[in-house]
$ cat final_19.pdb   # PDB, C-alpha atoms
ATOM      1  CA  ASN A 252     -32.647  14.057  -8.885
ATOM      2  CA  PRO A 253     -29.163  15.495  -8.201
ATOM      3  CA  GLU A 254     -27.600  13.156 -10.785
ATOM      4  CA  THR A 255     -29.552  14.634 -13.709
ATOM      5  CA  LYS A 256     -30.581  17.995 -15.151
ATOM      6  CA  LYS A 257     -33.933  18.507 -16.797
ATOM      7  CA  PHE A 258     -33.455  19.438 -20.454
ATOM      8  CA  ILE A 259     -35.610  22.159 -21.957
ATOM      9  CA  ASN A 260     -35.700  23.989 -25.263
ATOM     10  CA  THR A 261     -37.877  26.667 -26.861
ATOM     11  CA  GLY A 262     -40.798  24.250 -27.320
ATOM     12  CA  GLY A 263     -40.936  23.598 -23.580
ATOM     13  CA  LEU A 264     -41.347  27.239 -22.577
ATOM     14  CA  ASP A 265     -44.273  29.557 -22.023
ATOM     15  CA  PRO A 266     -44.163  32.900 -20.208
ATOM     16  CA  TYR A 267     -43.310  32.072 -16.574
ATOM     17  CA  LYS A 268     -43.787  28.341 -17.205
ATOM     18  CA  SER A 269     -41.896  25.237 -18.149
ATOM     19  CA  THR A 270     -43.983  22.573 -19.842
ATOM     20  CA  TRP A 271     -41.399  19.889 -19.011
ATOM     21  CA  GLY A 272     -43.308  16.769 -17.967
ATOM     22  CA  VAL A 273     -46.624  18.269 -19.127
ATOM     23  CA  ASP A 274     -46.138  18.421 -22.902
ATOM     24  CA  TYR A 275     -43.672  16.613 -25.109
ATOM     25  CA  ILE A 276     -40.422  18.395 -25.801
ATOM     26  CA  ARG A 277     -39.199  17.857 -29.336
ATOM     27  CA  TYR A 278     -35.491  17.437 -29.796
ATOM     28  CA  LEU A 279     -33.852  16.419 -33.046
ATOM     29  CA  LYS A 280     -36.324  13.913 -34.497
ATOM     30  CA  GLY A 281     -37.722  12.633 -31.218
ATOM     31  CA  LYS A 282     -40.210  13.832 -28.638
ATOM     32  CA  TYR A 283     -39.736  13.392 -24.919
ATOM     33  CA  MET A 284     -41.988  13.905 -21.900
ATOM     34  CA  HIS A 285     -39.180  13.941 -19.296
ATOM     35  CA  PRO A 286     -35.864  14.639 -21.064
ATOM     36  CA  VAL A 287     -32.835  14.672 -18.794
ATOM     37  CA  VAL A 288     -29.075  14.817 -19.138
ATOM     38  CA  LYS A 289     -26.794  13.078 -16.664
ATOM     39  CA  VAL A 290     -24.703  15.565 -14.689
ATOM     40  CA  SER A 291     -21.653  13.332 -15.205
ATOM     41  CA  ASP A 292     -22.139  13.415 -19.001
ATOM     42  CA  LEU A 293     -22.680  17.164 -18.961
ATOM     43  CA  SER A 294     -19.577  17.646 -16.822
ATOM     44  CA  ASN A 295     -17.533  15.626 -19.328
ATOM     45  CA  MET A 296     -18.915  17.652 -22.257
ATOM     46  CA  SER A 297     -18.700  21.189 -20.859
ATOM     47  CA  GLU A 298     -18.019  22.551 -17.401
ATOM     48  CA  LYS A 299     -19.413  25.920 -18.572
ATOM     49  CA  ARG A 300     -22.748  24.365 -19.586
ATOM     50  CA  LEU A 301     -22.882  22.504 -16.256
ATOM     51  CA  ALA A 302     -22.291  25.756 -14.365
ATOM     52  CA  GLU A 303     -25.000  27.478 -16.429
ATOM     53  CA  SER A 304     -27.453  24.666 -15.715
ATOM     54  CA  ASN A 305     -26.828  24.984 -11.979
ATOM     55  CA  ALA A 306     -27.175  28.770 -11.999
ATOM     56  CA  GLU A 307     -30.249  30.820 -11.230
ATOM     57  CA  LYS A 308     -31.249  32.100 -14.672
ATOM     58  CA  ILE A 309     -33.877  33.215 -17.135
ATOM     59  CA  ILE A 310     -34.453  30.885 -20.075
ATOM     60  CA  ILE A 311     -35.806  32.672 -23.152
ATOM     61  CA  GLY A 312     -37.448  30.890 -26.065
ATOM     62  CA  GLY A 313     -35.608  31.350 -29.355
ATOM     63  CA  MET A 314     -38.428  31.288 -31.902
ATOM     64  CA  THR A 315     -41.774  32.524 -30.633
ATOM     65  CA  LYS A 316     -44.580  34.973 -31.424
ATOM     66  CA  ILE A 317     -44.188  36.688 -28.040
ATOM     67  CA  LEU A 318     -41.289  36.751 -25.620
ATOM     68  CA  GLU A 319     -41.502  33.564 -23.548
ATOM     69  CA  CYS A 320     -39.238  33.768 -20.546
ATOM     70  CA  TYR A 321     -38.986  31.356 -17.647
ATOM     71  CA  TYR A 322     -37.239  31.921 -14.325
ATOM     72  CA  ASP A 323     -35.207  28.843 -13.345
ATOM     73  CA  SER A 324     -33.610  28.400  -9.942
ATOM     74  CA  GLY A 325     -31.061  25.939 -11.382
ATOM     75  CA  GLU A 326     -33.047  22.830 -12.365
ATOM     76  CA  TYR A 327     -32.667  22.999 -16.141
ATOM     77  CA  LEU A 328     -30.122  22.594 -18.882
ATOM     78  CA  ALA A 329     -31.294  25.029 -21.549
ATOM     79  CA  GLY A 330     -31.052  23.846 -25.151
ATOM     80  CA  LYS A 331     -29.214  25.756 -27.851
ATOM     81  CA  SER A 332     -32.518  27.065 -29.235
ATOM     82  CA  THR A 333     -32.800  29.268 -26.140
ATOM     83  CA  THR A 334     -30.996  32.284 -24.724
ATOM     84  CA  ILE A 335     -30.156  32.453 -21.050
ATOM     85  CA  VAL A 336     -29.596  35.401 -18.730
ATOM     86  CA  TYR A 337     -27.714  34.762 -15.520
ATOM     87  CA  GLY A 338     -25.160  36.314 -13.211
ATOM     88  CA  CYS A 339     -27.153  39.445 -12.375
ATOM     89  CA  ASP A 340     -29.410  40.570  -9.566
ATOM     90  CA  HIS A 341     -33.205  40.496  -9.551
ATOM     91  CA  LEU A 342     -33.752  37.857 -12.208
ATOM     92  CA  LYS A 343     -37.410  37.462 -11.244
ATOM     93  CA  TYR A 344     -37.937  41.195 -11.794
ATOM     94  CA  ILE A 345     -36.180  40.979 -15.161
ATOM     95  CA  THR A 346     -38.304  37.930 -16.051
ATOM     96  CA  ALA A 347     -41.418  40.040 -15.427
ATOM     97  CA  LEU A 348     -40.168  42.870 -17.633
ATOM     98  CA  LEU A 349     -39.236  40.456 -20.420
ATOM     99  CA  ASN A 350     -42.632  38.704 -20.283
ATOM    100  CA  SER A 351     -44.552  41.993 -20.336
ATOM    101  CA  LYS A 352     -46.708  43.140 -23.232
ATOM    102  CA  LEU A 353     -44.480  46.191 -23.476
ATOM    103  CA  MET A 354     -41.328  44.161 -24.131
ATOM    104  CA  THR A 355     -43.010  41.961 -26.758
ATOM    105  CA  PHE A 356     -44.322  45.142 -28.421
ATOM    106  CA  TYR A 357     -40.853  46.691 -28.301
ATOM    107  CA  TYR A 358     -39.314  43.545 -29.767
ATOM    108  CA  SER A 359     -41.878  43.403 -32.569
ATOM    109  CA  MET A 360     -41.197  47.052 -33.480
ATOM    110  CA  PHE A 361     -37.401  47.070 -33.310
ATOM    111  CA  TYR A 362     -36.668  43.556 -34.555
ATOM    112  CA  ASN A 363     -39.467  43.206 -37.109
ATOM    113  CA  SER A 364     -36.874  42.476 -39.795
ATOM    114  CA  MET A 365     -36.036  39.279 -37.892
ATOM    115  CA  SER A 366     -39.580  37.954 -38.129
ATOM    116  CA  LEU A 367     -40.121  34.601 -39.775
ATOM    117  CA  ALA A 368     -43.066  32.998 -41.532
ATOM    118  CA  GLY A 369     -46.207  32.813 -39.413
ATOM    119  CA  GLY A 370     -45.294  35.843 -37.292
ATOM    120  CA  PHE A 371     -42.535  34.118 -35.320
ATOM    121  CA  PHE A 372     -39.545  36.095 -34.092
ATOM    122  CA  ARG A 373     -36.002  34.813 -33.947
ATOM    123  CA  ILE A 374     -34.797  35.772 -30.486
ATOM    124  CA  GLY A 375     -31.117  35.599 -29.653
ATOM    125  CA  ALA A 376     -28.542  36.919 -27.222
ATOM    126  CA  PRO A 377     -27.608  40.017 -29.299
ATOM    127  CA  GLN A 378     -31.236  41.194 -29.342
ATOM    128  CA  VAL A 379     -31.859  40.353 -25.672
ATOM    129  CA  ARG A 380     -28.761  42.366 -24.682
ATOM    130  CA  GLU A 381     -30.245  45.421 -26.430
ATOM    131  CA  LEU A 382     -33.654  45.323 -24.716
ATOM    132  CA  PRO A 383     -34.254  48.376 -22.502
ATOM    133  CA  ILE A 384     -34.407  46.900 -18.994
ATOM    134  CA  ALA A 385     -35.467  49.719 -16.674
ATOM    135  CA  LEU A 386     -34.337  49.797 -13.094
ATOM    136  CA  SER A 387     -36.914  50.776 -10.519
ATOM    137  CA  SER A 388     -37.106  51.531  -6.827
ATOM    138  CA  ASP A 389     -36.466  48.704  -4.376
ATOM    139  CA  ASP A 390     -40.148  48.775  -3.370
ATOM    140  CA  VAL A 391     -41.315  48.237  -6.952
ATOM    141  CA  VAL A 392     -38.729  45.509  -7.580
ATOM    142  CA  ILE A 393     -39.836  43.667  -4.434
ATOM    143  CA  LYS A 394     -43.517  44.026  -5.356
ATOM    144  CA  VAL A 395     -42.917  42.665  -8.875
ATOM    145  CA  GLU A 396     -40.821  39.774  -7.541
ATOM    146  CA  GLU A 397     -43.598  38.885  -5.075
ATOM    147  CA  ILE A 398     -46.093  38.725  -7.946
ATOM    148  CA  VAL A 399     -43.675  36.548  -9.947
ATOM    149  CA  ASP A 400     -43.395  34.225  -6.930
ATOM    150  CA  LYS A 401     -47.200  33.916  -6.884
ATOM    151  CA  ILE A 402     -47.188  33.092 -10.603
ATOM    152  CA  LEU A 403     -44.424  30.513 -10.210
ATOM    153  CA  SER A 404     -46.240  28.797  -7.345
ATOM    154  CA  SER A 405     -49.700  28.927  -8.957
ATOM    155  CA  ASN A 406     -49.872  25.152  -9.662
ATOM    156  CA  GLY A 407     -52.243  25.498 -12.599
ATOM    157  CA  GLU A 408     -54.417  28.202 -11.051
ATOM    158  CA  PRO A 409     -55.293  31.118 -13.372
ATOM    159  CA  ILE A 410     -52.513  33.705 -13.537
ATOM    160  CA  ASP A 411     -54.027  36.183 -16.022
ATOM    161  CA  LYS A 412     -54.805  38.768 -13.318
ATOM    162  CA  LEU A 413     -51.272  38.560 -11.939
ATOM    163  CA  ILE A 414     -49.783  38.992 -15.413
ATOM    164  CA  ALA A 415     -52.088  41.969 -16.059
ATOM    165  CA  GLU A 416     -50.988  43.477 -12.726
ATOM    166  CA  ILE A 417     -47.350  43.179 -13.789
ATOM    167  CA  ASP A 418     -48.143  44.796 -17.153
ATOM    168  CA  GLU A 419     -49.715  47.775 -15.361
ATOM    169  CA  ILE A 420     -46.660  48.147 -13.115
ATOM    170  CA  VAL A 421     -44.374  47.920 -16.156
ATOM    171  CA  TYR A 422     -46.296  50.739 -17.863
ATOM    172  CA  GLN A 423     -45.677  52.867 -14.758
ATOM    173  CA  ILE A 424     -41.978  51.927 -14.607
ATOM    174  CA  TYR A 425     -41.513  53.083 -18.200
ATOM    175  CA  GLU A 426     -43.738  56.158 -17.601
ATOM    176  CA  LEU A 427     -46.021  55.433 -20.540
ATOM    177  CA  THR A 428     -48.958  57.646 -21.424
ATOM    178  CA  ASP A 429     -52.511  56.326 -21.751
ATOM    179  CA  GLU A 430     -52.183  56.622 -25.532
ATOM    180  CA  GLU A 431     -48.972  54.580 -25.561
ATOM    181  CA  ILE A 432     -50.550  51.931 -23.352
ATOM    182  CA  TYR A 433     -53.528  51.757 -25.706
ATOM    183  CA  VAL A 434     -51.229  51.188 -28.695
ATOM    184  CA  ILE A 435     -49.358  48.416 -26.866
ATOM    185  CA  LYS A 436     -52.581  46.713 -25.820
ATOM    186  CA  GLN A 437     -53.740  46.815 -29.447
ATOM    187  CA  GLY A 438     -50.428  45.279 -30.496
ATOM    188  CA  ARG A 439     -49.729  47.673 -33.315
ATOM    189  CA  CYS A 440     -48.644  51.249 -33.961
TER
END
$ encode --input "final_19.pdb" --output "structure tokens"
Amino acid sequence: NPETKKFINTGGLDPYKSTWGVDYIRYLKGKYMHPVVKVSDLSNMSEKRLAESNAEKIIIGGMTKILECYYDSGEYLAGKSTTIVYGCDHLKYITALLNSKLMTFYYSMFYNSMSLAGGFFRIGAPQVRELPIALSSDDVVIKVEEIVDKILSSNGEPIDKLIAEIDEIVYQIYELTDEEIYVIKQGRC
């Protein structure tokens, strides 16, 4: 509906997926299956937030055990509990890097002091800005983006093999050794 924006927060995100309309999204003291914000209301509140909601972006969950990043073509208004990345090229490629086992491992090692009870990490813009996003050849970027497109269009089909394929490509992009890959797969150093 062009008159509304879907609202999503950290609780409505999984890696590569929005659970909007599938699971309840909790906001303040309520829970909502299909939360929306009227574009006219959003425009009156903040033109910047409206522009962000219309932009192609990555929405990153703010309190999770692993990085949970969702590529959005411009359907969603992201809640304050999230971080968004927009205004750069190859957002699907970046989404894949952020959702990789390597990036969650990196985050857990370098931002361990920001961990909360239950093993949750507080994830915010300052930390996301510091993540080592590696550029790769055009061929690799295109290949990764094609896999992301398959994941995004999976319609409930299993995506584990596609995610594992991306992880293997990410290990190659970062030129990791077999030993380093083993440590990452074990989730500890």
$ closest_atom_pairs --input "final_19.pdb" --of "stretch 326-432 of chain A" --to "stretch 295-303 of chain A" --cutoff "9 Å" --atoms "all atoms listed in the file" --output "JSON lines"
{"residue": "A:Tyr327", "atom": "CA", "partner": "A:Glu303", "partner_atom": "CA", "distance": 8.9}
{"residue": "A:Leu328", "atom": "CA", "partner": "A:Glu303", "partner_atom": "CA", "distance": 7.5}
{"residue": "A:Ala329", "atom": "CA", "partner": "A:Glu303", "partner_atom": "CA", "distance": 8.5}
{"residue": "A:Ile335", "atom": "CA", "partner": "A:Glu303", "partner_atom": "CA", "distance": 8.5}
{"residue": "A:Tyr337", "atom": "CA", "partner": "A:Glu303", "partner_atom": "CA", "distance": 7.8}
$ resolve_selection --input "final_19.pdb" --expression "the PyMOL selection byres ((chain A and resi 273) around 9)" --output "PyMOL selection string"
chain A and resi 263+269-272+274-275+284-285
$ closest_residue --input "final_19.pdb" --among "A:Lys256, A:Lys331, A:Arg373, A:His341" --to "A:Ser387" --atoms "all atoms listed in the file"
A:His341
$ closest_residue --input "final_19.pdb" --among "A:Ala415, A:Lys289, A:Pro409, A:Tyr344" --to "A:Val391" --atoms "all atoms listed in the file"
A:Tyr344
$ closest_residue --input "final_19.pdb" --among "A:Thr255, A:Val392, A:Pro266, A:Glu397" --to "A:Asp411" --atoms "only C-alpha atoms"
A:Pro266
$ resolve_selection --input "final_19.pdb" --expression "the PyMOL selection byres ((chain A and resi 305-320) around 6)" --output "PDB file with C-alpha atoms, in the coordinates of the input"
ATOM      1  CA  THR A 261     -37.877  26.667 -26.861  1.00  0.00           C
ATOM      2  CA  ASP A 265     -44.273  29.557 -22.023  1.00  0.00           C
ATOM      3  CA  PRO A 266     -44.163  32.900 -20.208  1.00  0.00           C
ATOM      4  CA  TYR A 267     -43.310  32.072 -16.574  1.00  0.00           C
ATOM      5  CA  ALA A 302     -22.291  25.756 -14.365  1.00  0.00           C
ATOM      6  CA  GLU A 303     -25.000  27.478 -16.429  1.00  0.00           C
ATOM      7  CA  SER A 304     -27.453  24.666 -15.715  1.00  0.00           C
ATOM      8  CA  TYR A 321     -38.986  31.356 -17.647  1.00  0.00           C
ATOM      9  CA  TYR A 322     -37.239  31.921 -14.325  1.00  0.00           C
ATOM     10  CA  ASP A 323     -35.207  28.843 -13.345  1.00  0.00           C
ATOM     11  CA  SER A 324     -33.610  28.400  -9.942  1.00  0.00           C
ATOM     12  CA  GLY A 325     -31.061  25.939 -11.382  1.00  0.00           C
ATOM     13  CA  SER A 332     -32.518  27.065 -29.235  1.00  0.00           C
ATOM     14  CA  THR A 333     -32.800  29.268 -26.140  1.00  0.00           C
ATOM     15  CA  THR A 334     -30.996  32.284 -24.724  1.00  0.00           C
ATOM     16  CA  ILE A 335     -30.156  32.453 -21.050  1.00  0.00           C
ATOM     17  CA  VAL A 336     -29.596  35.401 -18.730  1.00  0.00           C
ATOM     18  CA  TYR A 337     -27.714  34.762 -15.520  1.00  0.00           C
ATOM     19  CA  ASN A 350     -42.632  38.704 -20.283  1.00  0.00           C
ATOM     20  CA  THR A 355     -43.010  41.961 -26.758  1.00  0.00           C
ATOM     21  CA  GLY A 370     -45.294  35.843 -37.292  1.00  0.00           C
ATOM     22  CA  PHE A 371     -42.535  34.118 -35.320  1.00  0.00           C
ATOM     23  CA  PHE A 372     -39.545  36.095 -34.092  1.00  0.00           C
ATOM     24  CA  ARG A 373     -36.002  34.813 -33.947  1.00  0.00           C
ATOM     25  CA  ILE A 374     -34.797  35.772 -30.486  1.00  0.00           C
TER      26      ILE A 374
END
$ residues_around --input "final_19.pdb" --residues "stretch 417-433 of chain A" --least-positions-apart "4" --cutoff "7 Å" --atoms "all atoms listed in the file" --output "PyMOL selection string"
chain A and resi 347-348+351-352+387+395+413+437
$ atom_distance --input "final_19.pdb" --atom1 "atom CA of A:Lys268" --atom2 "atom CA of A:Val287"
17.6 Å
$ resolve_selection --input "final_19.pdb" --expression "the PyMOL selection byres ((chain A and resi 278) around 10)" --output "list of chain:residue names"
A:Phe258, A:Ile259, A:Asn260, A:Thr261, A:Gly262, A:Tyr275, A:Ile276, A:Arg277, A:Leu279, A:Lys280, A:Gly281, A:Lys282, A:Tyr283, A:Pro286, A:Gly330
$ atom_distance --input "final_19.pdb" --atom1 "atom CA of A:Phe361" --atom2 "atom CA of A:Pro377"
12.7 Å
$ atom_distance --input "final_19.pdb" --atom1 "atom CA of A:Asp390" --atom2 "atom CA of A:Leu349"
19.0 Å
$ decode --input "final_19.pdb" --residues "stretch 263-276 of chain A" --atoms "all heavy atoms" --output "CSV table (one decimal), in the first residue's frame"
chain,number,residue,atom,x,y,z
A,263,GLY,N,11.5,-8.3,14.7
A,263,GLY,CA,10.9,-8.7,13.4
A,263,GLY,C,11.9,-9.1,12.4
A,263,GLY,O,11.6,-9.2,11.2
A,264,LEU,N,13.2,-9.3,12.8
A,264,LEU,CA,14.3,-9.6,11.9
A,264,LEU,C,14.9,-10.9,12.2
A,264,LEU,O,15.1,-11.3,13.3
A,264,LEU,CB,15.4,-8.5,12.0
A,264,LEU,CG,14.9,-7.1,11.6
A,264,LEU,CD1,16.1,-6.1,12.0
A,264,LEU,CD2,14.6,-7.0,10.1
A,265,ASP,N,15.3,-11.6,11.1
A,265,ASP,CA,16.2,-12.7,11.1
A,265,ASP,C,17.2,-12.5,10.0
A,265,ASP,O,16.9,-11.6,9.2
A,265,ASP,CB,15.4,-14.0,10.9
A,265,ASP,CG,14.6,-14.5,12.0
A,265,ASP,OD1,15.0,-14.3,13.2
A,265,ASP,OD2,13.5,-15.2,11.8
A,266,PRO,N,18.3,-13.2,10.0
A,266,PRO,CA,19.2,-13.1,8.8
A,266,PRO,C,18.4,-13.3,7.5
A,266,PRO,O,17.8,-14.3,7.3
A,266,PRO,CB,20.2,-14.1,9.0
A,266,PRO,CG,20.2,-14.4,10.5
A,266,PRO,CD,18.8,-14.2,10.9
A,267,TYR,N,18.5,-12.3,6.7
A,267,TYR,CA,17.9,-12.2,5.3
A,267,TYR,C,16.3,-12.2,5.3
A,267,TYR,O,15.7,-12.2,4.3
A,267,TYR,CB,18.3,-13.5,4.5
A,267,TYR,CG,19.7,-13.6,4.2
A,267,TYR,CD1,20.5,-14.5,4.9
A,267,TYR,CD2,20.4,-12.8,3.3
A,267,TYR,CE1,21.9,-14.6,4.7
A,267,TYR,CE2,21.7,-12.9,3.0
A,267,TYR,CZ,22.5,-13.8,3.7
A,267,TYR,OH,23.8,-13.9,3.5
A,268,LYS,N,15.7,-12.2,6.5
A,268,LYS,CA,14.3,-12.3,6.6
A,268,LYS,C,13.6,-11.2,7.4
A,268,LYS,O,14.2,-10.9,8.5
A,268,LYS,CB,13.8,-13.7,7.1
A,268,LYS,CG,14.1,-14.8,6.3
A,268,LYS,CD,13.6,-16.1,6.9
A,268,LYS,CE,13.9,-17.3,6.2
A,268,LYS,NZ,13.5,-18.5,6.9
A,269,SER,N,12.4,-10.8,7.0
A,269,SER,CA,11.5,-10.1,7.9
A,269,SER,C,10.5,-11.0,8.3
A,269,SER,O,10.0,-11.8,7.5
A,269,SER,CB,10.9,-8.9,7.1
A,269,SER,OG,9.7,-8.5,7.6
A,270,THR,N,10.1,-10.9,9.6
A,270,THR,CA,9.0,-11.8,10.1
A,270,THR,C,7.7,-11.0,10.2
A,270,THR,O,6.8,-11.4,10.8
A,270,THR,CB,9.3,-12.5,11.4
A,270,THR,OG1,9.6,-11.4,12.4
A,270,THR,CG2,10.6,-13.3,11.3
A,271,TRP,N,7.7,-9.8,9.6
A,271,TRP,CA,6.5,-9.0,9.5
A,271,TRP,C,5.3,-9.8,8.9
A,271,TRP,O,5.5,-10.4,7.9
A,271,TRP,CB,6.7,-7.7,8.7
A,271,TRP,CG,5.7,-6.7,8.8
A,271,TRP,CD1,5.7,-5.6,9.6
A,271,TRP,CD2,4.5,-6.6,8.0
A,271,TRP,NE1,4.5,-4.8,9.4
A,271,TRP,CE2,3.8,-5.4,8.4
A,271,TRP,CE3,4.0,-7.3,6.9
A,271,TRP,CZ2,2.6,-5.0,7.8
A,271,TRP,CZ3,2.8,-6.9,6.4
A,271,TRP,CH2,2.1,-5.8,6.8
A,272,GLY,N,4.2,-9.8,9.6
A,272,GLY,CA,3.1,-10.6,9.1
A,272,GLY,C,3.1,-12.1,9.3
A,272,GLY,O,2.2,-12.8,9.0
A,273,VAL,N,4.2,-12.6,9.9
A,273,VAL,CA,4.4,-14.0,10.2
A,273,VAL,C,4.4,-14.2,11.7
A,273,VAL,O,3.7,-15.1,12.2
A,273,VAL,CB,5.7,-14.5,9.6
A,273,VAL,CG1,5.9,-16.0,9.9
A,273,VAL,CG2,5.7,-14.3,8.1
A,274,ASP,N,5.1,-13.4,12.4
A,274,ASP,CA,5.2,-13.4,13.8
A,274,ASP,C,4.8,-12.0,14.3
A,274,ASP,O,5.0,-11.0,13.6
A,274,ASP,CB,6.6,-13.7,14.3
A,274,ASP,CG,7.1,-15.1,14.0
A,274,ASP,OD1,6.2,-16.0,14.0
A,274,ASP,OD2,8.3,-15.3,13.8
A,275,TYR,N,4.3,-11.9,15.6
A,275,TYR,CA,4.0,-10.7,16.2
A,275,TYR,C,5.3,-9.8,16.4
A,275,TYR,O,6.3,-10.3,16.7
A,275,TYR,CB,3.3,-10.8,17.5
A,275,TYR,CG,1.9,-11.3,17.4
A,275,TYR,CD1,1.5,-12.6,17.6
A,275,TYR,CD2,0.9,-10.4,17.0
A,275,TYR,CE1,0.2,-13.0,17.5
A,275,TYR,CE2,-0.4,-10.8,16.9
A,275,TYR,CZ,-0.8,-12.1,17.2
A,275,TYR,OH,-2.1,-12.5,17.1
A,276,ILE,N,5.1,-8.5,16.1
A,276,ILE,CA,6.2,-7.6,16.4
A,276,ILE,C,5.8,-6.8,17.7
A,276,ILE,O,4.7,-6.2,17.7
A,276,ILE,CB,6.4,-6.6,15.2
A,276,ILE,CG1,7.0,-7.5,14.0
A,276,ILE,CG2,7.4,-5.5,15.6
A,276,ILE,CD1,7.2,-6.7,12.8
